[in-house]
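**Student:** Take a look at the following structure, please.
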Amino acid sequence: MLRRKFYYSPGALSLASHIALIEAGLPFEAVRVDEHTKAMEGGGDYRQVHWLGYVPALLLDDGTLLTESAAILQHVAELAPWRDLAPPAGTVERALLQAWLNFLSSEVHKSGFAFLFSPAMPEAGKRIFRDRLALRLTHLDRHLASHEHLLASGYSVADASCFVVTSWANWVDVDLMPYPSLRAYRERIGARPAVQAALAAEGMVPWPNKAP
Ligand SMILES: N[C@@H](CCC(=O)N[C@@H](CS)C(=O)NCC(=O)O)C(=O)O
């Protein structure tokens, strides 16, 4: 039987899956990938594992390579249903989980933070993404003003994802001061033992003061 292998880069989106794997209490081997060179710790080029070269990816026991954060997070939650990391499939609450994961991936990550990291993106272009991001962070802040977690049912893998993507604000000079409920929520999620353990495992302590 293959051993479950988890591919990550410190502080990247993969940190959410890392948190989920620890919350789930599942055994796995973590393989660090250099986000820029694609070199894997222990040797080899990550593009031989996932040709698109991005993280996270999870090699399952049956040899399937599962990619895309939203899919990995939900699968990990389902491998340990007793940990309540995702509402049961087929429920409205589960659809809401998928809505949050999609929002975080497509609205906050890919059409928000991602371009702010790009040295090739001109400042005028970055301003467009900063404005878009401000709206989306306002949406999160308003929701969290009356909710302890993204889902009314409690902590879920969406919170791990939200914690990670909003952490990038610190690295690309996005001010979170206008979002007090989001900041208080980030403190709550960041204090979870699994979050602290994943950060330590990725060498990201102190967090989020250190860019990778
Ligand atoms: N659609 C992917 C995106 C993952 C992604 O963009 N990962 C970034 C780190 S935050 C990465 O590895 N970037 C390096 C690259 O694209 O070469 C997902 O949701 O998992």
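Ordering of the structure tokens sets the chain letters (A, B, ...); residue numbers start at 1 within each chain; ligands are numbered from 1 in the order shown.
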Check which residues fall inside 10 Å of ligand 1 when counting only C-alpha atoms and all ligand atoms, and print them as a PyMOL selection string.
**Tutor:** chain A and resi 7-17+33-38+47+51-57+66-73+101-102+104-106+109-110+113-114+117+161+164-165+168
**Student:** Quick one: DSSP strand (DSSP E) residues in segment 6-156 of chain A, as a VMD selection string?
**Tutor:** chain A and resid 6 to 8 29 to 32 57 to 59 65 to 67
**Student:** Could you save the residues just selected, with N, CA, C and O atoms, as a short mmCIF file (atom, residue, chain, number, x, y, z; two decimals), in the first residue's frame?
**Tutor:**
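Final output, part.cif:
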data_model
loop_
_atom_site.label_atom_id
_atom_site.label_comp_id
_atom_site.auth_asym_id
_atom_site.auth_seq_id
_atom_site.Cartn_x
_atom_site.Cartn_y
_atom_site.Cartn_z
N PHE A 6 1.63 14.26 0.92
CA PHE A 6 1.05 15.60 0.80
C PHE A 6 2.13 16.58 0.33
O PHE A 6 3.18 16.72 0.95
N TYR A 7 1.85 17.25 -0.79
CA TYR A 7 2.81 18.19 -1.38
C TYR A 7 2.39 19.62 -1.04
O TYR A 7 1.24 20.01 -1.29
N TYR A 8 3.34 20.39 -0.49
CA TYR A 8 3.02 21.73 -0.03
C TYR A 8 4.19 22.68 -0.23
O TYR A 8 5.34 22.24 -0.40
N GLU A 29 2.73 11.70 4.75
CA GLU A 29 4.12 12.16 4.62
C GLU A 29 4.09 13.50 3.89
O GLU A 29 3.53 13.58 2.80
N ALA A 30 4.64 14.52 4.51
CA ALA A 30 4.63 15.85 3.88
C ALA A 30 5.89 16.04 3.05
O ALA A 30 6.99 15.73 3.49
N VAL A 31 5.70 16.51 1.81
CA VAL A 31 6.84 16.76 0.91
C VAL A 31 6.84 18.24 0.55
O VAL A 31 5.88 18.74 -0.06
N ARG A 32 7.91 18.91 0.92
CA ARG A 32 8.01 20.34 0.68
C ARG A 32 8.44 20.60 -0.76
O ARG A 32 9.33 19.95 -1.29
N ALA A 57 -1.21 19.13 -3.53
CA ALA A 57 -1.63 17.87 -4.15
C ALA A 57 -1.51 16.80 -3.07
O ALA A 57 -0.67 16.90 -2.17
N LEU A 58 -2.39 15.82 -3.18
CA LEU A 58 -2.40 14.74 -2.18
C LEU A 58 -2.40 13.41 -2.93
O LEU A 58 -3.34 13.12 -3.69
N LEU A 59 -1.35 12.64 -2.73
CA LEU A 59 -1.27 11.31 -3.33
C LEU A 59 -1.97 10.34 -2.38
O LEU A 59 -1.53 10.17 -1.23
N LEU A 65 -3.72 10.84 -7.65
CA LEU A 65 -3.20 12.14 -7.24
C LEU A 65 -4.38 13.12 -7.24
O LEU A 65 -4.94 13.44 -8.28
N LEU A 66 -4.75 13.55 -6.04
CA LEU A 66 -5.86 14.49 -5.91
C LEU A 66 -5.28 15.90 -5.87
O LEU A 66 -4.38 16.19 -5.06
N THR A 67 -5.78 16.76 -6.77
CA THR A 67 -5.32 18.15 -6.79
C THR A 67 -6.53 19.06 -6.56
O THR A 67 -7.67 18.58 -6.51
#
**Student:** Write out as a VMD selection string which residues come within 8 Å of segment 193-197 of chain A when counting only C-alpha atoms, dropping same-chain ones fewer than 5 positions away.
**Tutor:** chain A and resid 19 to 20 22 to 23 160
**Student:** Kindly indicate which residue among A:Arg136, A:Lys126, A:Arg183, A:Arg94 lies nearest to Ala158 of chain A, using only C-alpha atoms for the distances.
**Tutor:**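 Smallest separation from Ala158 of chain A among the options: A:Arg94.
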**Student:** Run DSSP on the backbone and tell me which residues of segment 109-202 of chain A come out as alpha helix (DSSP H); list them as a ChimeraX atom specification.
**Tutor:** /A:114-116,123-145,157-167,180-190,193-201
**Student:** Excluding Leu182 of chain A and its own-chain neighbours fewer than 3 positions away, which residues fall within 7 Å of it when counting only C-alpha atoms? Please give them as a ChimeraX atom specification.
**Tutor:** /A:140-141,144,179,185-186
**Student:** Could you name the residues that touch segment 79-82 of chain A at 9 Å or less, counting only C-alpha atoms, but leaving out those on the same chain fewer than 6 positions away, as a list of chain:residue names?
**Tutor:**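 Listing them by chain and then by number gives A:Ala24, A:Gly25, A:Leu26, A:Pro88.
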**Student:** Can you measure atom CA of Ala198 of chain A to atom CA of His18 of chain A for me? One decimal in Å is fine.
**Tutor:**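 Answer for the atom CA of Ala198 of chain A to atom CA of His18 of chain A separation: 5.9 Å.
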**Student:** From the set A:Glu202, A:Asp159, A:Asp131, A:Glu41, which residue has the shortest atom-to-atom contact distance to Gln98 of chain A, counting only C-alpha atoms?
**Tutor:** A:Asp159
**Student:** Using only C-alpha atoms, find the one residue out of A:Leu176, A:Gly63, A:Leu97, A:Arg127 that sits nearest to Leu85 of chain A.
**Tutor:**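 Comparing A:Leu176, A:Gly63, A:Leu97, A:Arg127 against Leu85 of chain A, the winner is A:Leu97.
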**Student:** By how many Å are atom CA of Arg3 of chain A and atom CA of Phe28 of chain A apart?
**Tutor:**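 Value for the atom CA of Arg3 of chain A-atom CA of Phe28 of chain A distance: 6.8 Å.
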**Student:** As a PDB file with N, CA and C atoms, in the first residue's frame, please: the residues near Gly154 of chain A (cut-off 10 Å, only C-alpha atoms, same-chain neighbours under 3 positions excluded).
**Tutor:**
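This is the output file selection05.pdb:
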ATOM      1  N   ASP A  84     -15.925  16.060  12.143  1.00  0.00           N
ATOM      2  CA  ASP A  84     -16.883  17.123  11.768  1.00  0.00           C
ATOM      3  C   ASP A  84     -16.210  18.303  11.063  1.00  0.00           C
ATOM      4  N   LEU A  85     -15.404  17.998  10.069  1.00  0.00           N
ATOM      5  CA  LEU A  85     -14.712  19.082   9.348  1.00  0.00           C
ATOM      6  C   LEU A  85     -15.503  19.561   8.139  1.00  0.00           C
ATOM      7  N   ALA A  86     -16.577  18.836   7.803  1.00  0.00           N
ATOM      8  CA  ALA A  86     -17.463  19.238   6.703  1.00  0.00           C
ATOM      9  C   ALA A  86     -18.850  18.673   6.988  1.00  0.00           C
ATOM     10  N   PRO A  87     -19.906  19.417   6.661  1.00  0.00           N
ATOM     11  CA  PRO A  87     -21.267  18.877   6.828  1.00  0.00           C
ATOM     12  C   PRO A  87     -21.474  17.687   5.878  1.00  0.00           C
ATOM     13  N   HIS A 147     -21.295  35.742  12.765  1.00  0.00           N
ATOM     14  CA  HIS A 147     -21.027  34.299  12.751  1.00  0.00           C
ATOM     15  C   HIS A 147     -19.640  34.031  13.325  1.00  0.00           C
ATOM     16  N   GLU A 148     -19.552  32.975  14.114  1.00  0.00           N
ATOM     17  CA  GLU A 148     -18.239  32.632  14.668  1.00  0.00           C
ATOM     18  C   GLU A 148     -17.354  31.952  13.620  1.00  0.00           C
ATOM     19  N   HIS A 149     -18.021  31.198  12.743  1.00  0.00           N
ATOM     20  CA  HIS A 149     -17.325  30.487  11.666  1.00  0.00           C
ATOM     21  C   HIS A 149     -18.036  30.796  10.359  1.00  0.00           C
ATOM     22  N   LEU A 150     -17.453  30.379   9.242  1.00  0.00           N
ATOM     23  CA  LEU A 150     -18.124  30.642   7.964  1.00  0.00           C
ATOM     24  C   LEU A 150     -19.460  29.913   7.902  1.00  0.00           C
ATOM     25  N   LEU A 151     -19.492  28.683   8.424  1.00  0.00           N
ATOM     26  CA  LEU A 151     -20.746  27.928   8.440  1.00  0.00           C
ATOM     27  C   LEU A 151     -21.418  28.055   9.797  1.00  0.00           C
ATOM     28  N   ASP A 159     -12.916  27.263   7.022  1.00  0.00           N
ATOM     29  CA  ASP A 159     -12.253  28.218   7.922  1.00  0.00           C
ATOM     30  C   ASP A 159     -10.731  28.123   7.782  1.00  0.00           C
TER      31      ASP A 159
END
**Student:** Between atom CA of Ala145 of chain A and atom CA of Pro180 of chain A, what is the distance in Å, rounded to a tenth?
**Tutor:**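 Going from atom CA of Ala145 of chain A over to atom CA of Pro180 of chain A, I get 8.3 Å.
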**Student:** Show which residues sit within 12 Å of Pro178 of chain A, as a PDB file with N, CA and C atoms, in the first residue's frame. Count only C-alpha atoms, and ignore same-chain residues fewer than 3 positions away.
**Tutor:**
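Here's the written file around-v1.pdb:
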ATOM      1  N   ALA A 134     -11.047  44.334  -1.844  1.00  0.00           N
ATOM      2  CA  ALA A 134     -11.659  45.092  -0.737  1.00  0.00           C
ATOM      3  C   ALA A 134     -13.148  44.745  -0.613  1.00  0.00           C
ATOM      4  N   LEU A 135     -13.825  44.622  -1.743  1.00  0.00           N
ATOM      5  CA  LEU A 135     -15.247  44.237  -1.712  1.00  0.00           C
ATOM      6  C   LEU A 135     -15.430  42.850  -1.120  1.00  0.00           C
ATOM      7  N   LEU A 137     -13.357  41.200   0.847  1.00  0.00           N
ATOM      8  CA  LEU A 137     -13.008  41.172   2.277  1.00  0.00           C
ATOM      9  C   LEU A 137     -14.139  41.802   3.099  1.00  0.00           C
ATOM     10  N   THR A 138     -14.801  42.805   2.528  1.00  0.00           N
ATOM     11  CA  THR A 138     -15.952  43.414   3.203  1.00  0.00           C
ATOM     12  C   THR A 138     -17.068  42.375   3.359  1.00  0.00           C
ATOM     13  N   HIS A 139     -17.263  41.573   2.328  1.00  0.00           N
ATOM     14  CA  HIS A 139     -18.285  40.516   2.387  1.00  0.00           C
ATOM     15  C   HIS A 139     -17.972  39.544   3.528  1.00  0.00           C
ATOM     16  N   LEU A 140     -16.714  39.122   3.624  1.00  0.00           N
ATOM     17  CA  LEU A 140     -16.313  38.214   4.714  1.00  0.00           C
ATOM     18  C   LEU A 140     -16.523  38.883   6.068  1.00  0.00           C
ATOM     19  N   ASP A 141     -16.102  40.144   6.164  1.00  0.00           N
ATOM     20  CA  ASP A 141     -16.197  40.870   7.432  1.00  0.00           C
ATOM     21  C   ASP A 141     -17.651  40.996   7.887  1.00  0.00           C
ATOM     22  N   ARG A 142     -18.532  41.307   6.950  1.00  0.00           N
ATOM     23  CA  ARG A 142     -19.964  41.450   7.309  1.00  0.00           C
ATOM     24  C   ARG A 142     -20.525  40.122   7.777  1.00  0.00           C
ATOM     25  N   VAL A 174      -1.924  44.494   2.054  1.00  0.00           N
ATOM     26  CA  VAL A 174      -3.373  44.743   2.097  1.00  0.00           C
ATOM     27  C   VAL A 174      -3.722  44.959   3.575  1.00  0.00           C
ATOM     28  N   ASP A 175      -4.303  46.106   3.867  1.00  0.00           N
ATOM     29  CA  ASP A 175      -4.587  46.479   5.254  1.00  0.00           C
ATOM     30  C   ASP A 175      -5.881  45.794   5.737  1.00  0.00           C
ATOM     31  N   SER A 181     -14.144  42.298  12.235  1.00  0.00           N
ATOM     32  CA  SER A 181     -14.712  40.962  12.505  1.00  0.00           C
ATOM     33  C   SER A 181     -13.850  39.883  11.858  1.00  0.00           C
ATOM     34  N   LEU A 182     -13.335  40.183  10.700  1.00  0.00           N
ATOM     35  CA  LEU A 182     -12.428  39.245  10.030  1.00  0.00           C
ATOM     36  C   LEU A 182     -11.146  39.084  10.854  1.00  0.00           C
ATOM     37  N   ARG A 183     -10.651  40.170  11.416  1.00  0.00           N
ATOM     38  CA  ARG A 183      -9.426  40.086  12.214  1.00  0.00           C
ATOM     39  C   ARG A 183      -9.653  39.250  13.480  1.00  0.00           C
ATOM     40  N   ALA A 184     -10.792  39.473  14.138  1.00  0.00           N
ATOM     41  CA  ALA A 184     -11.085  38.704  15.361  1.00  0.00           C
ATOM     42  C   ALA A 184     -11.231  37.212  15.027  1.00  0.00           C
TER      43      ALA A 184
END
